[in-house]
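my_file03.cif follows; it contains mmCIF, C-alpha atoms.
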data_query
#
loop_
_atom_site.label_atom_id
_atom_site.label_comp_id
_atom_site.auth_asym_id
_atom_site.auth_seq_id
_atom_site.Cartn_x
_atom_site.Cartn_y
_atom_site.Cartn_z
CA MET A 1 0.02 33.81 -39.75
CA PHE A 2 2.53 31.70 -37.84
CA SER A 3 2.56 34.15 -34.95
CA ALA A 4 -1.23 34.07 -34.67
CA ARG A 5 -1.27 30.27 -34.64
CA ALA A 6 1.44 30.22 -31.98
CA VAL A 7 -0.51 32.67 -29.83
CA ASN A 8 -3.71 30.60 -30.21
CA ALA A 9 -1.89 27.38 -29.35
CA SER A 10 -0.32 29.02 -26.31
CA ALA A 11 -3.70 30.36 -25.20
CA GLU A 12 -5.33 26.93 -25.58
CA PHE A 13 -2.51 25.33 -23.63
CA THR A 14 -2.86 27.89 -20.82
CA VAL A 15 -6.63 27.36 -20.66
CA ALA A 16 -6.12 23.59 -20.50
CA ILE A 17 -3.67 23.95 -17.61
CA ILE A 18 -6.06 26.26 -15.72
CA MET A 19 -8.96 23.85 -16.25
CA GLN A 20 -6.88 20.90 -15.08
CA SER A 21 -5.78 22.89 -12.04
CA ASP A 22 -9.41 23.74 -11.23
CA ILE A 23 -10.35 20.05 -11.46
CA ILE A 24 -7.55 19.04 -9.08
CA VAL A 25 -8.41 21.79 -6.56
CA PHE A 26 -12.11 20.88 -6.71
CA SER A 27 -11.28 17.19 -6.24
CA ILE A 28 -9.10 17.91 -3.20
CA PHE A 29 -11.86 20.13 -1.81
CA LEU A 30 -14.37 17.29 -2.20
CA ILE A 31 -12.01 14.74 -0.68
CA PHE A 32 -11.08 16.60 2.48
CA THR A 33 -14.31 18.48 3.12
CA GLY A 34 -16.29 15.32 2.45
CA ALA A 35 -13.85 13.22 4.49
CA ALA A 36 -14.23 15.59 7.44
CA VAL A 37 -18.02 15.15 7.31
CA PHE A 38 -17.96 11.41 6.69
CA ALA A 39 -15.23 10.76 9.27
CA GLY A 40 -17.11 12.81 11.87
CA ALA A 41 -20.27 10.82 11.21
CA ALA A 42 -18.28 7.58 11.33
CA LEU A 43 -16.77 8.42 14.71
CA TYR A 44 -20.15 9.48 16.06
CA LEU A 45 -21.61 6.13 14.92
CA ARG A 46 -18.53 4.26 16.19
CA GLN A 47 -17.47 3.22 12.70
CA SER A 48 -14.10 3.05 10.93
CA MET A 49 -12.74 6.25 9.36
CA LEU A 50 -11.04 4.21 6.64
CA VAL A 51 -14.43 2.87 5.58
CA ALA A 52 -15.75 6.45 5.56
CA TYR A 53 -13.04 7.49 3.08
CA ILE A 54 -13.81 4.55 0.77
CA ALA A 55 -17.57 5.19 0.99
CA LEU A 56 -17.03 8.85 0.12
CA GLY A 57 -15.05 7.81 -2.97
CA CYS A 58 -17.81 5.46 -4.08
CA LEU A 59 -20.41 8.20 -3.61
CA VAL A 60 -18.77 11.06 -5.51
CA GLY A 61 -16.69 8.95 -7.94
CA PRO A 62 -17.40 8.15 -11.60
CA SER A 63 -19.79 5.28 -10.79
CA GLY A 64 -21.54 7.35 -8.10
CA VAL A 65 -22.82 10.91 -8.62
CA GLY A 66 -19.77 11.67 -10.79
CA LEU A 67 -18.47 14.79 -9.04
CA VAL A 68 -14.99 13.31 -9.50
CA SER A 69 -14.90 12.08 -13.09
CA ASP A 70 -11.40 10.58 -13.08
CA ALA A 71 -9.96 8.87 -10.01
CA THR A 72 -6.67 7.93 -11.68
CA THR A 73 -4.90 11.19 -10.84
CA ILE A 74 -6.13 11.11 -7.25
CA GLN A 75 -5.02 7.50 -6.90
CA GLY A 76 -1.57 8.38 -8.22
CA ILE A 77 -1.24 11.23 -5.73
CA GLY A 78 -2.57 9.05 -2.92
CA HIS A 79 0.04 6.41 -3.71
CA VAL A 80 2.61 8.85 -2.30
CA GLY A 81 1.08 8.16 1.13
CA ILE A 82 2.14 4.51 0.93
CA ILE A 83 5.63 5.61 -0.06
CA PHE A 84 5.90 7.87 3.00
CA LEU A 85 4.44 5.12 5.18
CA LEU A 86 7.24 2.74 4.21
CA TYR A 87 9.83 5.51 4.57
CA LEU A 88 8.76 6.25 8.14
CA LEU A 89 8.74 2.54 8.83
CA GLY A 90 12.35 2.24 7.70
CA LEU A 91 13.42 5.22 9.80
CA ASN A 92 12.66 3.26 12.94
CA LEU A 93 14.42 0.02 12.01
CA HIS A 94 18.12 -0.53 12.62
CA PRO A 95 19.62 -2.51 9.67
CA GLN A 96 21.01 -5.30 11.85
CA LYS A 97 17.70 -5.75 13.61
CA LEU A 98 15.91 -5.80 10.26
CA LEU A 99 18.04 -8.68 8.96
CA GLN A 100 17.32 -10.73 12.10
CA MET A 101 13.59 -10.14 11.68
CA LEU A 102 13.55 -11.10 8.01
CA ARG A 103 15.37 -14.39 8.63
CA LYS A 104 12.81 -15.41 11.24
CA ALA A 105 9.76 -14.49 9.12
CA THR A 106 10.87 -16.08 5.83
CA LEU A 107 9.34 -19.52 6.37
CA VAL A 108 6.07 -18.13 7.74
CA THR A 109 5.73 -15.78 4.77
CA LEU A 110 6.51 -18.38 2.12
CA LEU A 111 4.21 -21.08 3.53
CA SER A 112 1.32 -18.69 4.12
CA SER A 113 1.68 -17.15 0.65
CA LEU A 114 1.56 -20.56 -1.04
CA ALA A 115 -1.47 -21.58 1.02
CA PHE A 116 -3.43 -18.40 0.26
CA ALA A 117 -2.58 -18.68 -3.44
CA ALA A 118 -3.86 -22.27 -3.52
CA ILE A 119 -7.07 -21.34 -1.70
CA GLY A 120 -7.72 -18.41 -4.04
CA TYR A 121 -7.06 -20.61 -7.07
CA LEU A 122 -9.53 -23.29 -5.91
CA ILE A 123 -12.29 -20.78 -5.13
CA ALA A 124 -11.89 -19.10 -8.52
CA LEU A 125 -11.90 -22.50 -10.23
CA ALA A 126 -15.12 -23.42 -8.43
CA PHE A 127 -16.80 -20.31 -9.89
CA GLY A 128 -15.80 -21.20 -13.44
CA PHE A 129 -12.89 -18.88 -14.16
CA SER A 130 -10.21 -19.96 -16.62
CA THR A 131 -6.98 -21.58 -15.45
CA THR A 132 -4.93 -18.42 -16.11
CA GLU A 133 -7.47 -16.27 -14.28
CA CYS A 134 -7.44 -18.70 -11.36
CA PHE A 135 -3.66 -18.41 -11.10
CA VAL A 136 -3.83 -14.59 -11.10
CA ILE A 137 -6.68 -14.53 -8.56
CA GLY A 138 -4.74 -16.94 -6.36
CA ALA A 139 -1.60 -14.81 -6.64
CA ALA A 140 -3.57 -11.70 -5.63
CA MET A 141 -4.72 -13.42 -2.44
CA MET A 142 -1.15 -14.03 -1.23
CA PHE A 143 -0.59 -10.60 0.27
CA SER A 144 -1.75 -8.61 3.29
CA SER A 145 -2.29 -4.86 3.24
CA THR A 146 0.69 -2.71 4.19
CA ILE A 147 -1.63 0.21 4.88
CA ILE A 148 -4.11 -1.66 7.10
CA GLY A 149 -1.33 -3.60 8.84
CA LEU A 150 0.77 -0.54 9.67
CA LYS A 151 -1.69 2.37 9.84
CA LEU A 152 -3.82 0.55 12.43
CA LEU A 153 -0.76 -0.39 14.50
CA PRO A 154 0.11 2.04 17.34
CA THR A 155 3.48 3.77 16.97
CA THR A 156 4.70 2.23 20.23
CA ALA A 157 3.90 -1.27 18.97
CA LEU A 158 5.36 -0.50 15.55
CA HIS A 159 8.71 0.62 16.90
CA HIS A 160 9.21 -1.11 20.24
CA ARG A 161 7.14 -4.29 20.39
CA HIS A 162 7.68 -7.74 18.94
CA VAL A 163 4.27 -7.70 17.23
CA GLY A 164 5.37 -4.75 15.11
CA GLU A 165 8.64 -6.44 14.18
CA ILE A 166 6.92 -9.57 12.88
CA ILE A 167 4.28 -7.67 10.93
CA ILE A 168 6.94 -5.52 9.29
CA SER A 169 9.02 -8.57 8.35
CA VAL A 170 6.10 -10.43 6.78
CA LEU A 171 4.94 -7.38 4.81
CA LEU A 172 8.42 -6.70 3.47
CA LEU A 173 8.90 -10.26 2.29
CA GLN A 174 5.45 -10.18 0.70
CA ASP A 175 6.50 -6.97 -1.06
CA ILE A 176 9.42 -8.80 -2.67
CA ILE A 177 7.13 -11.65 -3.81
CA ALA A 178 4.66 -9.10 -5.21
CA ILE A 179 7.40 -7.44 -7.26
CA LEU A 180 8.32 -10.79 -8.80
CA ILE A 181 4.68 -11.49 -9.68
CA LEU A 182 4.29 -8.04 -11.24
CA LEU A 183 7.43 -8.69 -13.29
CA LEU A 184 5.92 -12.00 -14.48
CA LEU A 185 2.66 -10.32 -15.45
CA GLU A 186 4.57 -7.67 -17.38
CA ALA A 187 6.44 -10.45 -19.21
CA LEU A 188 3.14 -12.20 -20.05
CA ARG A 189 1.73 -8.93 -21.32
CA ARG A 190 4.73 -8.60 -23.65
CA GLU A 191 4.48 -12.34 -24.44
CA VAL A 192 8.16 -12.79 -23.63
CA LEU A 193 9.94 -13.75 -20.42
CA ASN A 194 13.24 -11.85 -20.42
CA LEU A 195 15.82 -13.71 -18.35
CA THR A 196 18.12 -10.69 -18.33
CA ASP A 197 15.41 -8.52 -16.75
CA ALA A 198 14.83 -11.17 -14.07
CA ILE A 199 18.55 -11.34 -13.22
CA LEU A 200 18.82 -7.55 -13.10
CA LEU A 201 15.80 -7.38 -10.79
CA ILE A 202 17.33 -9.90 -8.37
CA GLY A 203 20.50 -7.80 -8.22
CA SER A 204 18.65 -4.50 -7.97
CA LEU A 205 17.69 -4.81 -4.30
CA PRO A 206 21.21 -5.30 -2.86
CA ALA A 207 22.62 -2.73 -5.33
CA LEU A 208 20.09 -0.09 -4.27
CA ALA A 209 20.67 -0.85 -0.57
CA LEU A 210 24.45 -0.56 -1.00
CA PHE A 211 24.11 2.77 -2.82
CA ALA A 212 21.72 4.16 -0.20
CA PHE A 213 23.94 3.24 2.76
CA LEU A 214 27.12 4.55 1.13
CA PHE A 215 25.50 7.81 0.01
CA GLU A 216 23.91 8.32 3.43
CA ARG A 217 27.19 7.70 5.27
CA TYR A 218 29.51 9.82 3.13
CA VAL A 219 27.24 12.54 1.74
CA LEU A 220 23.75 12.84 3.21
CA VAL A 221 24.60 12.70 6.91
CA ARG A 222 27.32 15.34 6.48
CA VAL A 223 24.96 17.71 4.69
CA ILE A 224 22.33 17.27 7.42
CA GLN A 225 24.87 17.79 10.21
CA ARG A 226 26.11 20.96 8.53
CA PHE A 227 22.66 22.58 8.53
CA ASP A 228 20.76 20.61 11.21
CA THR A 229 19.71 23.81 13.02
CA ILE A 230 17.54 24.81 10.04
CA GLN A 231 14.54 22.53 10.44
CA GLU A 232 12.95 23.50 7.13
CA TYR A 233 16.09 22.40 5.27
CA VAL A 234 16.23 19.08 7.16
CA PHE A 235 12.58 18.50 6.23
CA LEU A 236 13.30 19.19 2.55
CA VAL A 237 16.32 16.88 2.53
CA ALA A 238 14.29 14.12 4.22
CA VAL A 239 11.47 14.34 1.66
CA GLY A 240 13.91 14.61 -1.24
CA TRP A 241 15.88 11.58 -0.03
CA CYS A 242 12.71 9.50 0.33
CA LEU A 243 11.30 10.31 -3.10
CA GLY A 244 14.71 10.21 -4.77
CA VAL A 245 15.56 6.69 -3.63
CA ALA A 246 11.95 5.60 -4.31
CA GLN A 247 12.26 6.86 -7.89
CA LEU A 248 15.67 5.22 -8.29
CA GLY A 249 14.24 1.93 -7.00
CA HIS A 250 11.39 2.14 -9.51
CA ALA A 251 13.87 2.80 -12.33
CA MET A 252 15.78 -0.34 -11.27
CA GLY A 253 12.64 -2.50 -11.49
CA LEU A 254 11.69 -2.43 -7.80
CA SER A 255 8.62 -0.78 -6.30
CA TYR A 256 8.52 2.82 -5.11
CA GLU A 257 7.67 1.46 -1.66
CA MET A 258 10.74 -0.74 -1.53
CA GLY A 259 12.96 2.18 -2.52
CA ALA A 260 11.41 4.41 0.13
CA PHE A 261 11.84 1.74 2.79
CA ILE A 262 15.53 1.35 1.94
CA ALA A 263 15.89 5.14 2.13
CA GLY A 264 14.41 5.07 5.62
CA VAL A 265 16.51 2.16 6.89
CA SER A 266 19.69 3.84 5.63
CA LEU A 267 18.86 6.85 7.84
CA ALA A 268 17.71 4.80 10.85
CA THR A 269 21.07 5.01 12.64
CA SER A 270 21.19 8.81 12.34
CA PRO A 271 20.27 10.91 15.41
CA ILE A 272 18.00 12.99 13.18
CA ALA A 273 15.78 10.00 12.29
CA THR A 274 13.30 10.60 15.12
CA PHE A 275 12.80 14.25 14.15
CA ILE A 276 12.23 13.32 10.51
CA ALA A 277 9.73 10.61 11.45
CA GLU A 278 7.65 13.01 13.54
CA SER A 279 7.79 15.76 10.91
CA LEU A 280 6.48 13.57 8.09
CA LYS A 281 3.48 12.03 9.86
CA PRO A 282 0.96 14.74 8.81
CA LEU A 283 2.21 14.55 5.22
CA ARG A 284 1.76 10.78 5.25
CA ASP A 285 -1.82 11.02 6.56
CA PHE A 286 -2.70 13.66 3.94
CA PHE A 287 -1.82 11.32 1.08
CA LEU A 288 -3.28 8.20 2.70
CA ILE A 289 -6.69 9.84 2.94
CA MET A 290 -6.49 10.49 -0.80
CA PHE A 291 -5.45 6.88 -1.40
CA PHE A 292 -8.48 5.39 0.38
CA PHE A 293 -10.78 7.88 -1.34
CA ALA A 294 -9.34 6.82 -4.71
CA LEU A 295 -9.98 3.14 -3.89
CA GLY A 296 -13.68 3.85 -3.57
CA ALA A 297 -13.83 6.26 -6.51
CA GLY A 298 -12.02 3.84 -8.81
CA PHE A 299 -14.43 0.95 -8.27
CA ASP A 300 -17.16 0.46 -10.88
CA LEU A 301 -20.30 -0.19 -8.84
CA SER A 302 -22.15 -1.42 -11.93
CA MET A 303 -19.85 -4.47 -12.02
CA LEU A 304 -20.61 -5.39 -8.43
CA THR A 305 -23.67 -7.47 -9.27
CA THR A 306 -21.68 -9.72 -11.62
CA VAL A 307 -19.03 -10.60 -9.01
CA ALA A 308 -20.95 -10.13 -5.76
CA ILE A 309 -21.26 -13.81 -4.82
CA PRO A 310 -17.73 -15.02 -5.70
CA ALA A 311 -16.20 -11.84 -4.23
CA THR A 312 -18.12 -12.30 -0.97
CA VAL A 313 -17.12 -15.96 -0.72
CA LEU A 314 -13.48 -15.16 -1.51
CA ALA A 315 -13.38 -12.31 0.99
CA LEU A 316 -15.01 -14.31 3.79
CA VAL A 317 -12.67 -17.26 3.27
CA MET A 318 -9.62 -14.99 3.38
CA LEU A 319 -10.87 -13.11 6.43
CA THR A 320 -11.40 -16.43 8.21
CA LEU A 321 -8.36 -18.45 7.13
CA LYS A 322 -5.65 -15.79 7.05
CA PRO A 323 -5.74 -15.11 10.82
CA LEU A 324 -5.93 -18.83 11.58
CA LEU A 325 -3.04 -19.80 9.31
CA PHE A 326 -0.79 -16.95 10.43
CA LYS A 327 -1.47 -17.86 14.06
CA THR A 328 -0.75 -21.55 13.44
CA LEU A 329 2.53 -20.86 11.64
CA LEU A 330 3.71 -18.33 14.21
CA VAL A 331 2.94 -20.65 17.13
CA TRP A 332 4.81 -23.38 15.25
CA GLU A 333 7.75 -20.93 15.04
CA GLY A 334 7.66 -20.53 18.83
CA GLU A 335 5.54 -17.42 19.29
CA GLU A 336 2.87 -17.14 21.98
CA PRO A 337 -0.69 -18.00 20.85
CA ARG A 338 -1.98 -14.59 21.96
CA LEU A 339 0.66 -12.82 19.87
CA GLY A 340 0.05 -15.10 16.89
CA ARG A 341 -3.69 -14.43 17.07
CA GLU A 342 -3.21 -10.64 17.09
CA ILE A 343 -0.74 -10.69 14.20
CA GLY A 344 -3.06 -12.97 12.24
CA VAL A 345 -5.98 -10.59 12.66
CA ARG A 346 -3.86 -7.57 11.75
CA LEU A 347 -2.67 -9.33 8.57
CA GLY A 348 -6.04 -10.93 7.82
CA GLN A 349 -6.98 -8.96 4.70
CA VAL A 350 -5.97 -8.77 1.04
CA SER A 351 -3.49 -6.14 -0.15
CA GLU A 352 -3.37 -2.97 -2.23
CA PHE A 353 -0.81 -4.94 -4.27
CA SER A 354 -3.72 -7.19 -5.24
CA LEU A 355 -5.45 -4.20 -6.82
CA LEU A 356 -2.30 -3.43 -8.79
CA ILE A 357 -2.07 -7.06 -9.95
CA ALA A 358 -5.72 -6.98 -11.05
CA LEU A 359 -5.28 -3.75 -13.03
CA LEU A 360 -2.02 -4.82 -14.67
CA ALA A 361 -3.37 -8.27 -15.58
CA VAL A 362 -6.56 -6.96 -17.18
CA SER A 363 -4.77 -4.16 -19.06
CA GLY A 364 -2.39 -6.74 -20.53
CA GLY A 365 -5.18 -9.09 -21.56
CA VAL A 366 -4.03 -11.81 -19.15
CA ILE A 367 -7.42 -11.92 -17.41
CA GLY A 368 -10.91 -10.66 -18.22
CA ALA A 369 -12.74 -7.71 -16.67
CA GLN A 370 -14.88 -9.97 -14.47
CA ALA A 371 -11.83 -11.60 -12.87
CA SER A 372 -10.26 -8.19 -12.32
CA TYR A 373 -13.36 -6.84 -10.58
CA LEU A 374 -13.58 -10.01 -8.51
CA ILE A 375 -10.11 -9.28 -7.10
CA GLN A 376 -10.94 -5.61 -6.56
CA ALA A 377 -14.28 -6.30 -4.85
CA ALA A 378 -12.84 -9.00 -2.60
CA THR A 379 -9.94 -6.72 -1.64
CA LEU A 380 -12.21 -3.82 -0.70
CA LEU A 381 -14.49 -6.12 1.31
CA THR A 382 -11.53 -7.44 3.29
CA PHE A 383 -10.29 -3.87 3.85
CA ILE A 384 -13.62 -2.87 5.33
CA CYS A 385 -14.22 -5.97 7.47
CA SER A 386 -10.62 -6.27 8.65
CA SER A 387 -10.40 -2.63 9.72
CA TYR A 388 -13.56 -3.08 11.78
CA LEU A 389 -12.26 -6.23 13.40
CA ILE A 390 -8.92 -4.66 14.31
CA MET A 391 -10.41 -1.40 15.58
CA PHE A 392 -12.86 -3.13 17.91
CA ARG A 393 -10.43 -5.74 19.27
CA TYR A 394 -6.94 -4.24 19.37
CA PRO A 395 -5.27 -0.88 20.09
CA THR A 396 -5.14 1.44 17.07
CA PRO A 397 -4.44 5.17 16.57
CA ILE A 398 -7.98 5.76 15.20
CA ALA A 399 -10.02 3.48 17.47
CA VAL A 400 -13.51 4.73 18.30
CA ASN A 401 -13.19 3.28 21.80
CA GLU A 402 -10.95 5.50 23.93
CA SER A 403 -9.62 2.54 25.90
CA LEU A 404 -8.20 1.06 22.66
CA ARG A 405 -6.93 4.32 21.18
CA ARG A 406 -3.12 4.34 21.01
CA ASP A 407 -1.07 6.72 18.89
#

Any chance you could give the structure as structure tokens?
Amino acid sequence: MFSARAVNASAEFTVAIIMQSDIIVFSIFLIFTGAAVFAGAALYLRQSMLVAYIALGCLVGPSGVGLVSDATTIQGIGHVGIIFLLYLLGLNLHPQKLLQMLRKATLVTLLSSLAFAAIGYLIALAFGFSTTECFVIGAAMMFSSTIIGLKLLPTTALHHRHVGEIIISVLLLQDIIAILILLLLEALRREVLNLTDAILLIGSLPALALFAFLFERYVLVRVIQRFDTIQEYVFLVAVGWCLGVAQLGHAMGLSYEMGAFIAGVSLATSPIATFIAESLKPLRDFFLIMFFFALGAGFDLSMLTTVAIPATVLALVMLTLKPLLFKTLLVWEGEEPRLGREIGVRLGQVSEFSLLIALLAVSGGVIGAQASYLIQAATLLTFICSSYLIMFRYPTPIAVNESLRRD
């Protein structure tokens, strides 16, 4: 009797795994076959490929025709693309240069974040949201998108031009602020603000950086040098190092992205850094396509009518004021107006961190569903409009205009 039950349970478990595997394979088929079609049409019509990925997600996702019934798994897999994006970013930044950049961008980041939070709060208040919801909506407006800011920046500008240095600095400082806000939301969800957790979080960043640099210097670099002629092994070590430090950072209360960035910076002085950066680009793009698809698939289109007006107002205000404020602050810091204008436009959208804040806040009962969808809708609108604005005005790797296309 026991043996028969065990066999049946094992068979059911095997069938469940096969069915789950089929769902994942079918979802990946839909994403990349559909993305190829949508992206081709977008390029032919001189539109943004990022918008094509989001539109595809909306079409085949749960609130569309339902071919992908659960976007959560896809979104989790796509999140790996952001991790690799930050890892590659770190690989091209020397630690000493990074510290100089962060010192210069601190005031700009803090002032702009406070201003955007205040603007978001006032707009939400004007549309009748509660005080707590207004604070959360305002906090979600503080950040600019790492993906839009970096993916639409040419590699030459990212690594060798001042515009890339400033954008990286601002985004990194915003990342730290976002982690603190997520910690606060988690504390509100638990209805307790743990001072010990806050102190540990503050110490986590320097502790993780110290570990990464020491391990890279005394262990990792020696292993790579020993087998650097075997490119497959170097690739495996590079991926393992990225995901390992990202996971360690998450365990210490930081974000996966912050851990991956530290992993990259710790390797930036190694001669092998350039090879690793080039090798991981296709892997990064693979996951980023899934991420943008998941953004569209995860949005409930039925809620759009309830938040359409406030989301449109919020998005338009952010798209207008973010470039202007960033330009003003950067010119005040001594940058050229032309440079300040470009950086402002490239950072003139809301962030994927805002989506995370919205989801965490609503799951913890801090805000209602309408406030959460307001943040999500406004974020997606700024993604779409900002990507268009950047692609038609400034050099990008995926520009539809050949004169602006820079890899």

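Distance check against Leu50 of chain A using all atoms listed in the file: of A:Leu254, A:Val317, A:Leu152, A:Val265, the minimum falls on A:Leu152.
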
Exercise. So, counting all atoms listed in the file, which residue among A:Val239, A:Ala139, A:Ile119, A:Ile83 is closest to Lys322 of chain A?
Worked result: A:Ile119

For this session: Kindly give the distance, in Å, that separates atom CA of Gln376 of chain A and atom CA of Leu355 of chain A, rounded to a single decimal.
Result: 5.7 Å

For this session: Find the residues near Ile54 of chain A: any atom within 8 Å, counting only C-alpha atoms, skip ones fewer than 2 places away on the same chain, and give them as an MDAnalysis selection string.
Result: chainID A and resid 50:52 56:58 292:297

Exercise. Given the choices A:Leu220, A:Leu329, A:Ile24, A:Val307, which gets closest to Ala115 of chain A if the distance is worked out from all atoms listed in the file?
Worked result: A:Leu329

I'd like the neighbourhood of segment 303-305 of chain A as a CSV table (one decimal) with C-alpha atoms, in the coordinates of the input, where a residue qualifies if any of its atoms comes within 10 Å (using all atoms listed in the file), though same-chain residues fewer than 4 positions away should be ignored.
chain,number,residue,atom,x,y,z
A,63,SER,CA,-19.8,5.3,-10.8
A,299,PHE,CA,-14.4,1.0,-8.3
A,309,ILE,CA,-21.3,-13.8,-4.8
A,311,ALA,CA,-16.2,-11.8,-4.2
A,369,ALA,CA,-12.7,-7.7,-16.7
A,370,GLN,CA,-14.9,-10.0,-14.5
A,373,TYR,CA,-13.4,-6.8,-10.6
A,374,LEU,CA,-13.6,-10.0,-8.5
A,376,GLN,CA,-10.9,-5.6,-6.6
A,377,ALA,CA,-14.3,-6.3,-4.8

For this session: Record the distance separating atom CA of Leu380 of chain A and atom CA of Met290 of chain A, expressed in Å with one decimal.
Result: 15.4 Å

For this session: Write out as a PyMOL selection string the residues lying within 10 Å of Phe135 of chain A, counting only C-alpha atoms and excluding same-chain residues fewer than 5 positions away.
Result: chain A and resi 117-118+120-122+124-125+129-130+140+367

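Evaluating the PyMOL selection byres ((chain A and resi 35) around 9) against the shown model yields Leu30, Ile31, Phe32, Thr33, Gly34, Ala36, Val37, Phe38, Ala39, Gly40, Met49, Ala52, Tyr53, Leu56, Ile289 and Phe293 of chain A.
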
For this session: May I ask which of the residues A:Ile272, A:Ser204, A:Ile166, A:Arg284 is the closest one to Ala251 of chain A, counting all atoms listed in the file?
Result: A:Ser204

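Between atom CA of Phe353 of chain A and atom CA of Leu171 of chain A lies a distance of 11.0 Å.
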
For this session: Would you write out, as a list in words, every residue that the PyMOL selection byres ((chain A and resi 62) around 10) captures in this file?
Result: Gly57, Cys58, Leu59, Val60, Gly61, Ser63, Gly64, Val65, Gly66, Leu67, Val68, Ser69, Asp70, Ala71, Gly296, Ala297, Gly298, Phe299, Asp300 and Leu301 of chain A

Pull the closest atom pair for each residue of segment 320-398 of chain A that gets at most 12 Å from segment 178-183 of chain A, along with the distance in Å to one decimal, counting all atoms listed in the file, ordering rows by chain and then ascending residue number, as a Markdown table.
| residue | atom | partner | partner_atom | distance |
| --- | --- | --- | --- | --- |
| A:Ser351 | CA | A:Ala178 | CA | 10.0 |
| A:Glu352 | CA | A:Ala178 | CA | 10.5 |
| A:Phe353 | CA | A:Ala178 | CA | 6.9 |
| A:Ser354 | CA | A:Ala178 | CA | 8.6 |
| A:Leu355 | CA | A:Ala178 | CA | 11.3 |
| A:Leu356 | CA | A:Leu182 | CA | 8.4 |
| A:Ile357 | CA | A:Leu182 | CA | 6.6 |
| A:Ala358 | CA | A:Leu182 | CA | 10.1 |
| A:Leu359 | CA | A:Leu182 | CA | 10.6 |
| A:Leu360 | CA | A:Leu182 | CA | 7.9 |
| A:Ala361 | CA | A:Leu182 | CA | 8.8 |
| A:Gly364 | CA | A:Leu182 | CA | 11.5 |

For this session: Check which residues satisfy the PyMOL selection byres ((chain A and resi 340) around 8) in the file shown, then give them as a ChimeraX atom specification.
Result: /A:326-328,330-331,335-339,341-344

Exercise. Neighbours of Met142 of chain A within 8 Å (only C-alpha atoms; same-chain residues fewer than 6 positions away dropped), as a PyMOL selection string?
Worked result: chain A and resi 112-117+174+350

Exercise. Between A:Ala260, A:Leu102, A:Asp228, A:Gly76, which has the minimum distance to Leu248 of chain A (counting only C-alpha atoms)?
Worked result: A:Ala260
